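Chemist: Please read through the structure below; I'll follow up with questions.
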Amino acid sequence: MTHIEYKHLLIFGSFMAVGWFLFIFFWPRMMLYVYKRAIHVKGFGDGPIPVNTLYTQRQALFADPLHPPASVPKLATTGVNRDTLITIGWWDLGKGPQILHVPDMAGRYYSVQFTDPSRNTNFAYVGKRTTGTEAGDYLIAGPGWKGAVPQGMTQISSPNNSVLVAGRVFVESESDLPTAYNLAKQIQVVPLIRQPSE
Amino acid sequence: MSIVSRWIVVSLLLALAVRFAMLHVLEFHSHPRSIATEVFQGLIAGGVLGCFTADVFARIKLTTVNGWITLFGCGLPGNGMLFRAACALIFLGPVNTPQEAMYWIARKSGAGRKLDGRHDYRMHFPPGGLPPNDAFWSLTMGDARNRFVANRIHRYSVSDHSGLVLNADGSVDIYIQNTAPTGHECNWLPAPGGKFILWLRVYVPGAAILDGKYEVPPIVEVNG
């Protein structure tokens with residue numbers, strides 16, 4: 001039998017424990033990093049989706065999921081979902097809060113999910129279940145932000161400056177698709193403080 | 001025993017087991033080993049074990065009723081590190097919290113046989129037995145690789161808004177098969193010729209779902 005050096009075993013064992021921890025702890029954020037890259041580099045059908053913006057999937061992709069337009073990357077067509085139009089974006093609150101505007105959904109089911117990408121947990125929802133379907137503005141602020149919340153807005157505190165935002169707007173039928181798309185497009189984001197252009 | 005000392009004992013025992021396996025099963029006889037090799041191989045072995053741990057943990061947390069599998073509680077803040085890893089391993093992306101939407105997946109019939117379009121299936125919801133919700137529910141078809149299935153009526157899911165026809169007693173039968181069921185086209189969910197999977201989604205699920213009392217009915221294979 002090969003002689004096992006205990007010093008070596010201790011080193012091997014310690015780094016194995018470290019490797020175990022690294023995988024368990026970082027696996028969720030590695031997965032979401034794939035989404036971050038997809039959003040910023042490829043986009044979901046119309047090129048890259050810039051940081052602090054939102055993009056709604058095309059109607060054509062929903063209407064005929066078997067024949068997605070050539071510009072639509074694989075991640076956007078992964079899985080089978082024919083219930084909702086997807087709106088997606090990756091925000092960075094490091095330079096200040098963002099304001100989410102949602103239109104009057106007139107009773108229609110919708111949700112906007114805010115995900116902390118370092119843990120893949122959802123720290124807030126705006127939508128029919130949580131805030132109702134009336135039009136509204138929500139201030140999403142990063143950790144440590146202190147400032148005045150504009151009147152009429154609800155503050156949502158994010159535990160992380162990076163935020164994955166995923167909107168879902170219910171589509172009742174094919175004839176309802178244009179209406180749903182029009183509403184989904186009105187889910188918008190603007191920064192609290194517009195940087196003066198130079 | 002403190003967490004740390006338990007951690008050290010467990011990792012040393014695991015290290016011994018992994019090294020023993022490497023020496024005697026995989027026949028790694030690359031002596032003398034440098035410290036760098038120990039570090040590198042330790043990290044790799046740990047990563048693999050971590051993936052294995054998350055997978056085992058996910059399997060423990062999965063609930064299977066009538067062939068339908070679900071993982072309850074993903075996406076909730078406060079979830080432990082191990083559960084978050086398990087969720088990311090199962091769903092591979094951002095997922096709704098259970099209060100917003102619940103997902104079930106079926107690869108097998110209620111009798112435990114793989115779903116296959118060479119057979120015909122029925123899903124029977126008893127009167128009042130449709131999934132309780134405050135938004136909507138849907139049953140979506142996917143082929144063996146989780147892609148939409150082409151069919152002549154361009155139907156990829158059935159749902160509470162797809163025009164399902166109720167039976168006289170208020171129950172609902174869904175016909176899951178490759179060819180159209182004569183007289184029941186409204187309740188037909190077209191299946192591919194080969195293996196398939198089904199997704200049940202319930203948005204804003206009712207209390208009976210959230211407290212685990214609701215049971216999704218089995219998919220039953222029918223003859224002829």
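Going by the structure tokens order, chains are called A, B, ..., each with residues numbered from 1, while ligands are numbered from 1 in the order shown.
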Go through chain B and collect every residue that DSSP, computed from the backbone, puts in alpha helix (DSSP H); the answer should be as a PDB file with C-alpha atoms, in the first residue's frame.

Modeler:
ATOM      1  CA  ILE B   3     -19.255  23.307  13.674  1.00  0.00           C
ATOM      2  CA  VAL B   4     -15.638  23.950  12.755  1.00  0.00           C
ATOM      3  CA  SER B   5     -14.199  20.839  14.363  1.00  0.00           C
ATOM      4  CA  ARG B   6     -16.977  18.729  12.913  1.00  0.00           C
ATOM      5  CA  TRP B   7     -16.167  20.317   9.549  1.00  0.00           C
ATOM      6  CA  ILE B   8     -12.508  19.358   9.873  1.00  0.00           C
ATOM      7  CA  VAL B   9     -13.252  15.784  10.909  1.00  0.00           C
ATOM      8  CA  VAL B  10     -15.779  15.290   8.119  1.00  0.00           C
ATOM      9  CA  SER B  11     -13.510  16.798   5.469  1.00  0.00           C
ATOM     10  CA  LEU B  12     -10.546  14.727   6.612  1.00  0.00           C
ATOM     11  CA  LEU B  13     -12.578  11.547   6.551  1.00  0.00           C
ATOM     12  CA  LEU B  14     -13.894  12.466   3.100  1.00  0.00           C
ATOM     13  CA  ALA B  15     -10.371  13.335   1.986  1.00  0.00           C
ATOM     14  CA  LEU B  16      -9.148   9.954   3.174  1.00  0.00           C
ATOM     15  CA  ALA B  17     -11.976   8.243   1.311  1.00  0.00           C
ATOM     16  CA  VAL B  18     -11.431  10.245  -1.870  1.00  0.00           C
ATOM     17  CA  ARG B  19      -7.655   9.731  -1.753  1.00  0.00           C
ATOM     18  CA  PHE B  20      -8.100   6.048  -1.088  1.00  0.00           C
ATOM     19  CA  ALA B  21     -10.427   5.819  -4.072  1.00  0.00           C
ATOM     20  CA  MET B  22      -7.970   7.758  -6.215  1.00  0.00           C
ATOM     21  CA  LEU B  23      -5.112   5.475  -5.256  1.00  0.00           C
ATOM     22  CA  HIS B  24      -6.812   2.138  -5.430  1.00  0.00           C
ATOM     23  CA  ILE B  35       1.725  20.485  -2.687  1.00  0.00           C
ATOM     24  CA  ALA B  36       0.281  22.212  -5.791  1.00  0.00           C
ATOM     25  CA  THR B  37      -1.128  18.884  -6.952  1.00  0.00           C
ATOM     26  CA  GLU B  38      -2.747  18.305  -3.567  1.00  0.00           C
ATOM     27  CA  VAL B  39      -4.315  21.776  -3.624  1.00  0.00           C
ATOM     28  CA  PHE B  40      -5.546  21.482  -7.210  1.00  0.00           C
ATOM     29  CA  GLN B  41      -6.910  17.977  -6.879  1.00  0.00           C
ATOM     30  CA  GLY B  42      -8.423  18.814  -3.492  1.00  0.00           C
ATOM     31  CA  LEU B  43     -10.335  21.736  -4.997  1.00  0.00           C
ATOM     32  CA  ILE B  44     -11.558  19.666  -7.937  1.00  0.00           C
ATOM     33  CA  ALA B  45     -12.614  16.766  -5.712  1.00  0.00           C
ATOM     34  CA  GLY B  46     -14.387  19.222  -3.385  1.00  0.00           C
ATOM     35  CA  GLY B  47     -16.237  20.873  -6.263  1.00  0.00           C
ATOM     36  CA  VAL B  48     -17.433  17.521  -7.544  1.00  0.00           C
ATOM     37  CA  LEU B  49     -18.506  16.499  -4.049  1.00  0.00           C
ATOM     38  CA  GLY B  50     -20.310  19.850  -3.694  1.00  0.00           C
ATOM     39  CA  CYS B  51     -22.279  19.229  -6.870  1.00  0.00           C
ATOM     40  CA  PHE B  52     -23.060  15.735  -5.624  1.00  0.00           C
ATOM     41  CA  THR B  53     -24.177  17.088  -2.230  1.00  0.00           C
ATOM     42  CA  ALA B  54     -26.478  19.675  -3.849  1.00  0.00           C
ATOM     43  CA  ASP B  55     -27.957  16.993  -6.095  1.00  0.00           C
ATOM     44  CA  VAL B  56     -28.604  14.617  -3.184  1.00  0.00           C
ATOM     45  CA  PHE B  57     -30.085  17.486  -1.177  1.00  0.00           C
ATOM     46  CA  ALA B  58     -32.380  18.427  -4.087  1.00  0.00           C
ATOM     47  CA  ARG B  59     -33.574  14.823  -4.346  1.00  0.00           C
ATOM     48  CA  ILE B  60     -34.343  14.787  -0.640  1.00  0.00           C
ATOM     49  CA  LYS B  61     -36.305  18.032  -0.908  1.00  0.00           C
ATOM     50  CA  MET B  81     -26.871  27.958   1.123  1.00  0.00           C
ATOM     51  CA  LEU B  82     -27.433  24.273   0.376  1.00  0.00           C
ATOM     52  CA  PHE B  83     -31.087  24.757  -0.599  1.00  0.00           C
ATOM     53  CA  ARG B  84     -30.198  27.671  -2.879  1.00  0.00           C
ATOM     54  CA  ALA B  85     -27.634  25.460  -4.633  1.00  0.00           C
ATOM     55  CA  ALA B  86     -30.214  22.668  -4.929  1.00  0.00           C
ATOM     56  CA  CYS B  87     -32.760  25.085  -6.480  1.00  0.00           C
ATOM     57  CA  ALA B  88     -30.195  26.413  -8.947  1.00  0.00           C
ATOM     58  CA  LEU B  89     -29.349  22.838  -9.884  1.00  0.00           C
ATOM     59  CA  ILE B  90     -32.995  21.933 -10.546  1.00  0.00           C
ATOM     60  CA  PHE B  91     -34.221  25.127 -12.241  1.00  0.00           C
ATOM     61  CA  ALA B 207     -53.864  27.981   0.300  1.00  0.00           C
ATOM     62  CA  ALA B 208     -54.441  24.272  -0.352  1.00  0.00           C
ATOM     63  CA  ILE B 209     -51.398  24.244  -2.641  1.00  0.00           C
ATOM     64  CA  LEU B 210     -49.176  26.336  -0.387  1.00  0.00           C
TER      65      LEU B 210
END

Chemist: Excluding Met30 (chain A) and its own-chain neighbours fewer than 2 positions away, which residues fall within 10 Å of it when counting only C-alpha atoms? Please give them as an mmCIF file with N, CA and C atoms, in the first residue's frame.

Modeler:
data_model
loop_
_atom_site.group_PDB
_atom_site.id
_atom_site.type_symbol
_atom_site.label_atom_id
_atom_site.label_comp_id
_atom_site.auth_asym_id
_atom_site.auth_seq_id
_atom_site.Cartn_x
_atom_site.Cartn_y
_atom_site.Cartn_z
ATOM 1 N N PHE A 23 -18.299 25.511 -4.526
ATOM 2 C CA PHE A 23 -19.347 25.068 -5.447
ATOM 3 C C PHE A 23 -20.727 25.393 -4.886
ATOM 4 N N PHE A 25 -21.700 27.478 -2.589
ATOM 5 C CA PHE A 25 -22.009 28.889 -2.379
ATOM 6 C C PHE A 25 -22.156 29.645 -3.694
ATOM 7 N N PHE A 26 -21.287 29.316 -4.661
ATOM 8 C CA PHE A 26 -21.267 30.133 -5.877
ATOM 9 C C PHE A 26 -22.085 29.574 -7.033
ATOM 10 N N TRP A 27 -22.606 28.365 -6.894
ATOM 11 C CA TRP A 27 -23.363 27.775 -7.998
ATOM 12 C C TRP A 27 -24.556 28.640 -8.422
ATOM 13 N N PRO A 28 -25.419 29.124 -7.494
ATOM 14 C CA PRO A 28 -26.540 29.968 -7.941
ATOM 15 C C PRO A 28 -26.072 31.194 -8.710
ATOM 16 N N LEU A 32 -26.788 32.499 -12.651
ATOM 17 C CA LEU A 32 -27.357 33.789 -13.016
ATOM 18 C C LEU A 32 -26.377 34.622 -13.828
ATOM 19 N N TYR A 33 -25.077 34.324 -13.688
ATOM 20 C CA TYR A 33 -24.096 35.008 -14.506
ATOM 21 C C TYR A 33 -24.318 34.668 -15.984
ATOM 22 N N VAL A 34 -24.787 33.450 -16.232
ATOM 23 C CA VAL A 34 -25.131 33.055 -17.602
ATOM 24 C C VAL A 34 -26.231 33.976 -18.136
ATOM 25 N N TYR A 35 -27.211 34.285 -17.277
ATOM 26 C CA TYR A 35 -28.292 35.191 -17.683
ATOM 27 C C TYR A 35 -27.762 36.605 -17.901
ATOM 28 N N LYS A 36 -26.868 37.016 -17.013
ATOM 29 C CA LYS A 36 -26.311 38.362 -17.141
ATOM 30 C C LYS A 36 -25.624 38.516 -18.492
ATOM 31 N N PRO A 117 -29.055 38.440 -7.640
ATOM 32 C CA PRO A 117 -28.335 37.422 -8.414
ATOM 33 C C PRO A 117 -27.226 36.719 -7.634
ATOM 34 N N SER A 118 -26.834 37.254 -6.478
ATOM 35 C CA SER A 118 -25.782 36.563 -5.744
ATOM 36 C C SER A 118 -26.335 35.333 -5.018
ATOM 37 N N ARG A 119 -27.648 35.303 -4.818
ATOM 38 C CA ARG A 119 -28.245 34.172 -4.110
ATOM 39 C C ARG A 119 -29.360 33.487 -4.889
ATOM 40 N N ASN A 120 -29.808 34.139 -5.963
ATOM 41 C CA ASN A 120 -30.966 33.641 -6.704
ATOM 42 C C ASN A 120 -32.186 33.534 -5.795
ATOM 43 N N ALA B 88 -30.880 26.001 -7.721
ATOM 44 C CA ALA B 88 -30.195 26.413 -8.947
ATOM 45 C C ALA B 88 -29.810 25.215 -9.799
ATOM 46 N N LEU B 92 -31.972 25.886 -12.827
ATOM 47 C CA LEU B 92 -30.935 26.505 -13.660
ATOM 48 C C LEU B 92 -31.161 27.975 -13.974
ATOM 49 N N GLY B 93 -32.015 28.659 -13.226
ATOM 50 C CA GLY B 93 -32.225 30.069 -13.520
ATOM 51 C C GLY B 93 -33.108 30.709 -12.472
#

Chemist: What's the 8 Å shell around Ala124 (chain A), counting only C-alpha atoms, without same-chain residues fewer than 5 positions away, as a list in words?

Modeler: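 These residues fall inside the cut-off: Gln113, Phe114, Thr115 and Ile156 of chain A.
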
Chemist: Produce a file of the selected residues containing C-alpha atoms, as a tab-separated table (two decimals), in the first residue's frame.

Modeler:
chain	number	residue	atom	x	y	z
A	113	GLN	CA	-39.83	39.81	-9.97
A	114	PHE	CA	-36.71	41.31	-8.43
A	115	THR	CA	-33.96	38.76	-7.94
A	156	ILE	CA	-38.10	48.80	-2.60

Chemist: Could you name the residues that touch Ser171 (chain B) at 9 Å or less, counting only C-alpha atoms, but leaving out those on the same chain fewer than 4 positions away, as a compact mmCIF listing (two decimals) with C-alpha atoms, in the first residue's frame?

Modeler:
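Below is the file result25.txt, written as the result:
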# COMPACT_ATOMS: atom_id res chain seq x y z
CA HIS B 124 -59.00 13.54 -14.72
CA PHE B 125 -59.72 16.46 -12.42
CA PRO B 126 -62.64 15.57 -10.13
CA PRO B 127 -65.44 18.12 -9.59
CA GLY B 128 -63.93 21.09 -7.77
CA GLY B 129 -60.49 19.52 -8.13
CA LEU B 130 -58.88 21.97 -10.55
CA LEU B 166 -66.41 20.30 -18.34
CA ASN B 167 -68.19 16.98 -17.88

Chemist: Write out as a list of chain:residue names the residues lying within 8 Å of Gly73 (chain B), counting only C-alpha atoms and excluding same-chain residues fewer than 2 positions away.

Modeler: B:Leu71, B:Gly75, B:Leu76, B:Thr97, B:Pro98

Chemist: Mind writing the picked residues with C-alpha atoms as a PDB file, in the first residue's frame?

Modeler:
ATOM      1  CA  LEU B  71     -39.577  21.533  -5.301  1.00  0.00           C
ATOM      2  CA  GLY B  75     -36.472  31.827  -4.494  1.00  0.00           C
ATOM      3  CA  LEU B  76     -37.362  32.714  -0.910  1.00  0.00           C
ATOM      4  CA  THR B  97     -41.314  32.131  -5.175  1.00  0.00           C
ATOM      5  CA  PRO B  98     -44.088  29.646  -4.316  1.00  0.00           C
TER       6      PRO B  98
END

Chemist: Would you mind telling me which residue in A:His101, A:Lys95, A:Arg129, A:His67 lies nearest to chain B when using only C-alpha atoms?

Modeler: A:Arg129

Chemist: For Pro68 (chain A), please output as number ranges by chain all residues within 12 Å (counting only C-alpha atoms; exclusion window: fewer than 6 positions along the same chain).

Modeler: A: 44-45, 57-62, 74-78; B: 148

Chemist: Hey, what's within 9 Å of Asn178 (chain B) if we count only C-alpha atoms and toss same-chain stuff fewer than 6 positions away? As an MDAnalysis selection string, please?

Modeler: chainID B and resid 117:120 151 189:194

Chemist: One number please: CA of Gln188 (chain A) to CA of Asp137 (chain A), in Å, one decimal.

Modeler: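 The value is 9.6 Å.
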
Chemist: Please indicate the distance in Å from CA of Ala63 (chain A) to CA of Ala180 (chain A), rounded to one decimal place.

Modeler: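 Result for CA of Ala63 (chain A) versus CA of Ala180 (chain A): 12.1 Å, one decimal.
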
Chemist: Considering only C-alpha atoms, state which residue in the set A:Ala148, A:Val80, A:Glu172, A:Ser157 is at the smallest distance from Asn146 (chain B).

Modeler: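 Looking only at the distances to Asn146 (chain B), the closest residue turns out to be A:Val80.
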
Chemist: Looking at only C-alpha atoms, which of A:Gly152, A:Pro178, A:Pro97, A:Pro65 is the one that sits closest to chain B?

Modeler: A:Pro65
